[in-house]
file work-v3.txt (compact mmCIF, C-alpha atoms)
# COMPACT_ATOMS: atom_id res chain seq x y z
CA MET A 1 0.00 0.00 0.00
CA LYS A 2 2.77 2.44 0.93
CA ARG A 3 4.60 1.77 -2.36
CA SER A 4 1.43 2.49 -4.36
CA TRP A 5 0.91 5.75 -2.48
CA ILE A 6 4.43 6.90 -3.29
CA LEU A 7 3.98 6.05 -6.97
CA CYS A 8 0.68 7.92 -7.05
CA PHE A 9 2.30 10.94 -5.43
CA LEU A 10 5.08 11.00 -8.00
CA ILE A 11 2.67 10.83 -10.92
CA THR A 12 0.41 13.50 -9.44
CA SER A 13 3.27 15.84 -8.58
CA MET A 14 4.57 15.66 -12.16
CA SER A 15 1.27 17.04 -13.45
CA VAL A 16 1.19 20.02 -11.05
CA LEU A 17 2.19 23.37 -12.53
CA TYR A 18 3.91 25.92 -10.32
CA ALA A 19 2.79 29.53 -10.54
CA ASP A 20 5.80 30.70 -12.54
CA GLU A 21 5.54 27.71 -14.88
CA LYS A 22 1.87 28.42 -15.50
CA ALA A 23 2.59 32.09 -16.22
CA ASN A 24 5.37 31.25 -18.66
CA LEU A 25 3.27 28.59 -20.40
CA ASN A 26 0.45 31.12 -20.69
CA SER A 27 2.97 33.36 -22.47
CA VAL A 28 3.74 30.49 -24.87
CA THR A 29 0.02 30.06 -25.54
CA LYS A 30 -0.44 33.78 -26.10
CA TYR A 31 2.50 33.90 -28.52
CA ILE A 32 1.14 31.02 -30.59
CA ASN A 33 -2.41 32.35 -30.63
CA ASP A 34 -1.38 35.96 -31.36
CA TYR A 35 1.23 35.27 -34.04
CA GLY A 36 0.03 31.94 -35.42
CA LYS A 37 3.46 30.30 -35.14
CA ILE A 38 4.12 26.87 -33.69
CA CYS A 39 7.80 27.26 -32.86
CA SER A 40 10.04 29.48 -30.75
CA CYS A 41 10.52 31.87 -33.64
CA GLY A 42 10.96 35.14 -31.74
CA ASN A 43 12.37 36.35 -28.46
CA LEU A 44 12.55 33.50 -25.98
CA ILE A 45 10.61 33.31 -22.73
CA THR A 46 12.94 33.23 -19.71
CA THR A 47 12.66 33.72 -15.98
CA SER A 48 15.67 36.04 -16.02
CA THR A 49 17.95 37.56 -18.62
CA ASP A 50 20.24 40.57 -19.00
CA GLN A 51 18.92 41.31 -22.49
CA LEU A 52 16.39 40.01 -25.00
CA VAL A 53 17.41 36.64 -26.38
CA PHE A 54 16.15 35.27 -29.70
CA SER A 55 16.18 31.69 -30.97
CA VAL A 56 18.07 30.41 -33.99
CA ASN A 57 14.65 29.97 -35.65
CA TYR A 58 14.19 33.75 -35.60
CA TYR A 59 17.25 34.40 -37.73
CA VAL A 60 17.19 31.58 -40.30
CA VAL A 61 16.57 32.18 -43.97
CA ASP A 62 12.75 32.03 -43.86
CA GLY A 63 12.42 33.54 -40.41
CA ASN A 64 11.15 36.86 -39.13
CA PHE A 65 14.49 38.63 -39.02
CA LYS A 66 15.42 37.73 -42.59
CA SER A 67 12.17 39.23 -43.86
CA MET A 68 12.76 42.38 -41.81
CA LEU A 69 16.06 42.93 -43.60
CA LYS A 70 14.10 43.68 -46.77
CA SER A 71 12.29 46.53 -45.06
CA LYS A 72 13.18 50.20 -45.39
CA TYR A 73 13.71 50.04 -41.63
CA ARG A 74 16.51 47.49 -42.04
CA ASP A 75 19.13 49.46 -40.06
CA LYS A 76 16.68 50.02 -37.22
CA TYR A 77 15.85 46.31 -37.05
CA ILE A 78 19.51 45.33 -37.08
CA GLN A 79 20.22 47.73 -34.22
CA LYS A 80 17.25 46.53 -32.16
CA PHE A 81 17.12 42.82 -32.95
CA GLY A 82 20.50 41.92 -34.49
CA ASN A 83 22.88 39.55 -32.69
CA LYS A 84 20.59 38.85 -29.73
CA ARG A 85 21.47 35.18 -29.67
CA LYS A 86 23.02 35.10 -26.18
CA TRP A 87 21.27 34.06 -22.98
CA LEU A 88 23.10 36.30 -20.50
CA VAL A 89 22.04 35.86 -16.87
CA SER A 90 23.73 37.75 -14.05
CA LYS A 91 21.19 36.68 -11.40
CA ASN A 92 22.84 33.83 -9.45
CA GLN A 93 24.92 33.23 -12.61
CA GLY A 94 21.80 31.56 -13.98
CA VAL A 95 21.36 28.96 -11.24
CA GLY A 96 17.65 28.34 -10.70
CA GLU A 97 16.66 30.27 -13.84
CA SER A 98 14.81 28.81 -16.81
CA LEU A 99 14.47 29.26 -20.57
CA TYR A 100 11.58 27.89 -22.65
CA LEU A 101 11.67 26.43 -26.17
CA PHE A 102 8.66 25.02 -28.03
CA HIS A 103 7.90 23.34 -31.33
CA ALA A 104 5.13 21.33 -32.96
CA ILE A 105 5.01 17.63 -33.68
CA GLN A 106 2.58 16.29 -36.25
CA GLU A 107 0.97 12.85 -36.10
CA VAL A 108 -1.21 12.96 -39.20
CA ASP A 109 -1.23 11.47 -42.68
CA ASP A 110 -1.00 13.34 -45.99
CA SER A 111 -4.65 14.41 -45.69
CA TRP A 112 -4.04 15.81 -42.20
CA GLN A 113 -6.01 13.04 -40.51
CA TYR A 114 -4.76 11.72 -37.19
CA SER A 115 -3.37 8.22 -37.32
CA PRO A 116 -1.76 6.22 -34.49
CA LYS A 117 0.76 4.79 -36.96
CA HIS A 118 2.24 8.29 -37.38
CA LYS A 119 2.80 8.83 -33.66
CA VAL A 120 6.24 10.16 -32.75
CA GLN A 121 8.03 7.48 -30.74
CA ASN A 122 11.14 9.48 -29.87
CA MET A 123 11.78 13.22 -30.16
CA GLN A 124 15.41 12.40 -30.98
CA ASP A 125 14.20 10.97 -34.30
CA SER A 126 12.18 13.99 -35.40
CA HIS A 127 13.78 17.10 -33.88
CA HIS A 128 17.13 18.75 -33.35
CA PHE A 129 17.66 20.40 -29.97
CA ALA A 130 21.00 22.11 -29.53
CA PHE A 131 22.80 25.16 -28.19
CA LYS A 132 26.29 26.45 -27.59
CA ASN A 133 27.27 26.00 -23.96
CA TYR A 134 29.51 29.05 -24.28
CA CYS A 135 29.48 32.47 -25.93
CA GLU A 136 31.51 33.98 -28.76
CA VAL A 137 32.45 37.55 -29.57
CA ASP A 138 33.67 38.16 -33.12
CA GLY A 139 34.09 34.41 -33.56
CA LYS A 140 36.28 34.00 -30.47
CA ILE A 141 35.19 31.88 -27.49
CA GLN A 142 34.83 33.87 -24.27
CA ASN A 143 35.95 31.53 -21.47
CA GLU A 144 35.44 34.08 -18.70
CA PHE A 145 31.65 33.52 -18.61
CA ALA A 146 29.87 30.90 -16.53
CA ARG A 147 28.49 27.92 -18.45
CA ILE A 148 25.94 25.26 -17.61
CA LYS A 149 27.10 22.20 -15.65
CA ARG A 150 23.75 20.55 -14.85
CA LEU A 151 20.44 21.16 -16.57
CA LYS A 152 16.92 19.92 -15.84
CA ILE A 153 14.77 19.51 -18.96
CA THR A 154 11.02 19.33 -18.31
CA PHE A 155 8.53 18.55 -21.08
CA PHE A 156 5.03 20.02 -21.38
CA GLU A 157 2.40 19.25 -24.03
CA SER A 158 -0.80 20.71 -25.42
CA GLN A 159 -2.88 20.25 -28.58
CA TYR A 160 -3.36 22.87 -31.29
CA GLN A 161 -5.86 23.53 -34.05
CA VAL A 162 -5.49 25.16 -37.46
CA ILE A 163 -7.82 28.16 -37.88
CA ASN A 164 -8.43 31.09 -40.29
CA ASN A 165 -8.64 28.84 -43.32
CA GLY A 166 -5.48 27.00 -42.45
CA VAL A 167 -3.16 29.98 -42.04
CA SER A 168 -3.01 30.28 -38.22
CA TYR A 169 -2.64 28.03 -35.22
CA HIS A 170 -4.50 28.04 -31.91
CA VAL A 171 -3.70 26.23 -28.68
CA TYR A 172 -7.00 25.16 -27.19
CA ASP A 173 -5.95 23.26 -24.07
CA GLU A 174 -3.77 23.92 -21.03
CA PHE A 175 -0.22 22.59 -21.10
CA ARG A 176 0.40 19.39 -19.15
CA LYS A 177 3.71 18.57 -17.50
CA THR A 178 4.74 15.12 -18.68
CA LYS A 179 8.35 14.22 -17.83
CA SER A 180 11.66 15.61 -16.57
CA PHE A 181 15.27 14.67 -17.19
CA GLU A 182 18.61 15.86 -15.82
CA VAL A 183 21.68 16.18 -18.02
CA SER A 184 25.27 17.16 -17.24
CA PHE A 185 27.91 18.81 -19.41
CA PRO A 186 31.72 18.87 -19.18
CA ASN A 187 33.50 22.12 -18.48
CA GLN A 188 34.24 22.70 -22.14
CA ALA A 189 33.18 25.24 -24.72
CA GLU A 190 31.17 23.00 -27.02
CA ILE A 191 27.90 22.61 -28.87
CA VAL A 192 25.60 20.33 -26.88
CA TYR A 193 22.73 18.16 -28.14
CA PRO A 194 20.83 17.32 -24.94
CA MET A 195 17.52 16.01 -26.34
CA PRO A 196 16.52 13.10 -24.09
CA ALA A 197 14.93 9.93 -25.44
CA TYR A 198 11.44 11.35 -24.93
CA LYS A 199 8.26 9.70 -26.24
CA PRO A 200 5.52 12.34 -26.48
CA VAL A 201 2.04 11.63 -25.24
CA GLY A 202 0.96 13.30 -28.47
CA SER A 203 -2.45 13.23 -30.09
CA THR A 204 -5.29 10.95 -29.12
CA GLU A 205 -7.84 12.41 -31.50
CA ASN A 206 -8.11 14.00 -34.91
CA VAL A 207 -6.24 17.26 -34.31
CA PRO A 208 -3.40 18.65 -36.45
CA GLY A 209 -0.72 18.22 -33.85
CA THR A 210 0.85 18.78 -30.48
CA ILE A 211 2.97 21.61 -29.11
CA ILE A 212 5.97 20.39 -27.12
CA VAL A 213 7.54 22.82 -24.64
CA LEU A 214 10.98 22.26 -23.18
CA GLN A 215 11.72 24.09 -19.95
CA LEU A 216 15.48 24.35 -19.43
CA ASN A 217 16.19 24.91 -15.75
CA VAL A 218 19.80 25.56 -14.73
CA LEU A 219 20.72 23.49 -11.67
CA GLU A 220 24.47 24.15 -11.49
CA VAL A 221 27.11 26.11 -13.40
CA TYR A 222 30.84 26.23 -13.94
CA PRO A 223 31.33 29.72 -12.51
CA GLY A 224 33.97 31.20 -14.83
CA GLU A 225 35.55 34.44 -13.67
CA GLU A 226 34.19 36.14 -10.56
CA GLY A 227 31.23 38.37 -11.26
CA LYS A 228 30.71 37.16 -14.82
CA PRO A 229 27.20 36.07 -15.86
CA LEU A 230 26.08 32.80 -17.37
CA CYS A 231 26.42 33.05 -21.14
CA THR A 232 25.11 30.48 -23.61
CA GLU A 233 23.79 31.06 -27.12
CA ASP A 234 22.16 29.86 -30.35
CA PHE A 235 19.26 27.89 -28.88
CA TYR A 236 17.53 25.77 -31.49
CA LEU A 237 14.59 23.39 -31.49
CA GLY A 238 13.34 22.37 -34.93
CA TYR A 239 12.54 19.58 -37.37
CA LYS A 240 15.46 17.44 -38.46
CA VAL A 241 14.36 17.78 -42.09
CA ARG A 242 15.62 21.37 -41.97
CA GLY A 243 19.16 20.03 -41.76
CA GLU A 244 21.94 19.75 -39.24
CA TYR A 245 22.20 22.37 -36.50
CA THR A 246 25.58 23.60 -37.69
CA GLU A 247 24.24 23.96 -41.23
CA VAL A 248 21.29 26.00 -39.96
CA LEU A 249 23.72 28.28 -38.11
CA LYS A 250 25.53 29.00 -41.37
CA GLN A 251 22.34 30.62 -42.64
CA ILE A 252 22.60 33.15 -39.81
CA ASP A 253 26.27 33.81 -40.51
CA LYS A 254 25.34 34.91 -44.04
CA ILE A 255 23.09 37.71 -42.75

call {"tool": "encode", "arguments": {"input": "work-v3.txt", "output": "structure tokens"}}
result
Amino acid sequence: MKRSWILCFLITSMSVLYADEKANLNSVTKYINDYGKICSCGNLITTSTDQLVFSVNYYVVDGNFKSMLKSKYRDKYIQKFGNKRKWLVSKNQGVGESLYLFHAIQEVDDSWQYSPKHKVQNMQDSHHFAFKNYCEVDGKIQNEFARIKRLKITFFESQYQVINNGVSYHVYDEFRKTKSFEVSFPNQAEIVYPMPAYKPVGSTENVPGTIIVLQLNVLEVYPGEEGKPLCTEDFYLGYKVRGEYTEVLKQIDKI
């Protein structure tokens, strides 16, 4: 009986959303519903940051920033939104702070009908998730900054619908917390690919797809030089069919 109670407690506690988590997930929902995008394609939602931070998705060839460069306000956009790829966090050197990434998975056939045979069995098979566990300035690694040593990755899911004649997306359900993992990194300036072997709950009905949110919570850092903030950059969560992470980054370098 005691063992069953403990198991029940663990399952229940995983589904509970804390107040800050709920607020940040509400921001994800608002972003998707307001802009009709089903990826982290703008400034990222964080619990703390020294400046705005944008995802890799924002800068790639068909992203928002690339289209802004064609505007007559190009110089203004570059000044305001250019090179904001760094997650700089002075508060506790990032310990205890979180960053959120989200992207869609689709479990439908060619006619957009849900089918169990199209269910995603492992996010590692369908998506790239990567970032630089360091920061660069003018192409040179800056070793004085703190970098992440231990990271907790928590997954959340919700369903979405396609509206406005198929041109916009709408999240119609609250996000559910599904599973957490802890990962550790060596004290090296390197690109990390920390996607766990995660099987989404996914769709159970005929809806276009599921939004997966990854909450990255910093548990421990390599401190770097005294007084220097945590600095990591180039966060990316996207379909593998877009190509390798390093290839996607080259698109940004051409801007």

call {"tool": "atom_distance", "arguments": {"input": "work-v3.txt", "atom1": "CA of Ile252 (chain A)", "atom2": "CA of Arg85 (chain A)"}}
result
10.4 Å

call {"tool": "atom_distance", "arguments": {"input": "work-v3.txt", "atom1": "CA of His103 (chain A)", "atom2": "CA of Tyr31 (chain A)"}}
result
12.2 Å

call {"tool": "closest_residue", "arguments": {"input": "work-v3.txt", "among": "A:Phe155, A:Tyr160, A:Tyr172, A:Phe145", "to": "Cys231 (chain A)", "atoms": "all atoms listed in the file"}}
result
A:Phe145

call {"tool": "closest_residue", "arguments": {"input": "work-v3.txt", "among": "A:Lys37, A:Lys240, A:Lys84, A:Arg147", "to": "Gly224 (chain A)", "atoms": "only C-alpha atoms"}}
result
A:Arg147

call {"tool": "closest_residue", "arguments": {"input": "work-v3.txt", "among": "A:Gln215, A:Asn165, A:Ser126, A:Thr47", "to": "Lys152 (chain A)", "atoms": "only C-alpha atoms"}}
result
A:Gln215

call {"tool": "closest_residue", "arguments": {"input": "work-v3.txt", "among": "A:Leu219, A:Val120, A:Ile163, A:Ile105", "to": "Gly238 (chain A)", "atoms": "all atoms listed in the file"}}
result
A:Ile105

call {"tool": "closest_residue", "arguments": {"input": "work-v3.txt", "among": "A:Val248, A:Met123, A:Val137, A:Ala197", "to": "Ser55 (chain A)", "atoms": "only C-alpha atoms"}}
result
A:Val248

call {"tool": "closest_residue", "arguments": {"input": "work-v3.txt", "among": "A:Leu17, A:Met68, A:Ala104, A:Ile211", "to": "Tyr239 (chain A)", "atoms": "all atoms listed in the file"}}
result
A:Ala104

call {"tool": "residues_around", "arguments": {"input": "work-v3.txt", "residues": "Leu88 (chain A)", "least_positions_apart": "2", "cutoff": "6 Å", "atoms": "all atoms listed in the file", "output": "PyMOL selection string"}}
result
chain A and resi 49-50+86+230-231

call {"tool": "build_atoms", "arguments": {"input": "work-v3.txt", "residues": "region 128-139 of chain A", "atoms": "N, CA, C and O atoms", "output": "mmCIF file, in the coordinates of the input"}}
result
data_model
loop_
_atom_site.group_PDB
_atom_site.id
_atom_site.type_symbol
_atom_site.label_atom_id
_atom_site.label_comp_id
_atom_site.auth_asym_id
_atom_site.auth_seq_id
_atom_site.Cartn_x
_atom_site.Cartn_y
_atom_site.Cartn_z
ATOM 1 N N HIS A 128 15.842 18.327 -33.899
ATOM 2 C CA HIS A 128 17.130 18.750 -33.350
ATOM 3 C C HIS A 128 16.888 19.682 -32.169
ATOM 4 O O HIS A 128 16.030 20.561 -32.229
ATOM 5 N N PHE A 129 17.641 19.477 -31.107
ATOM 6 C CA PHE A 129 17.660 20.400 -29.970
ATOM 7 C C PHE A 129 19.124 20.610 -29.617
ATOM 8 O O PHE A 129 19.828 19.665 -29.282
ATOM 9 N N ALA A 130 19.585 21.842 -29.736
ATOM 10 C CA ALA A 130 21.000 22.110 -29.530
ATOM 11 C C ALA A 130 21.220 23.548 -29.091
ATOM 12 O O ALA A 130 20.367 24.413 -29.308
ATOM 13 N N PHE A 131 22.352 23.800 -28.476
ATOM 14 C CA PHE A 131 22.800 25.160 -28.190
ATOM 15 C C PHE A 131 24.282 25.139 -27.900
ATOM 16 O O PHE A 131 24.890 24.074 -27.697
ATOM 17 N N LYS A 132 24.881 26.313 -27.925
ATOM 18 C CA LYS A 132 26.290 26.450 -27.590
ATOM 19 C C LYS A 132 26.401 26.715 -26.091
ATOM 20 O O LYS A 132 25.877 27.711 -25.593
ATOM 21 N N ASN A 133 27.083 25.823 -25.398
ATOM 22 C CA ASN A 133 27.270 26.000 -23.960
ATOM 23 C C ASN A 133 28.490 26.889 -23.704
ATOM 24 O O ASN A 133 29.405 26.556 -22.963
ATOM 25 N N TYR A 134 28.470 28.036 -24.371
ATOM 26 C CA TYR A 134 29.510 29.050 -24.280
ATOM 27 C C TYR A 134 29.033 30.244 -25.090
ATOM 28 O O TYR A 134 27.972 30.186 -25.738
ATOM 29 N N CYS A 135 29.789 31.312 -25.097
ATOM 30 C CA CYS A 135 29.480 32.470 -25.930
ATOM 31 C C CYS A 135 30.709 32.890 -26.727
ATOM 32 O O CYS A 135 31.848 32.693 -26.282
ATOM 33 N N GLU A 136 30.449 33.472 -27.892
ATOM 34 C CA GLU A 136 31.510 33.980 -28.760
ATOM 35 C C GLU A 136 31.350 35.477 -28.945
ATOM 36 O O GLU A 136 30.242 36.004 -28.907
ATOM 37 N N VAL A 137 32.432 36.146 -29.153
ATOM 38 C CA VAL A 137 32.450 37.550 -29.570
ATOM 39 C C VAL A 137 33.398 37.645 -30.749
ATOM 40 O O VAL A 137 34.585 37.290 -30.633
ATOM 41 N N ASP A 138 32.874 38.079 -31.894
ATOM 42 C CA ASP A 138 33.670 38.160 -33.120
ATOM 43 C C ASP A 138 34.338 36.825 -33.448
ATOM 44 O O ASP A 138 35.496 36.767 -33.886
ATOM 45 N N GLY A 139 33.591 35.736 -33.219
ATOM 46 C CA GLY A 139 34.090 34.410 -33.560
ATOM 47 C C GLY A 139 35.054 33.808 -32.563
ATOM 48 O O GLY A 139 35.539 32.689 -32.768
#
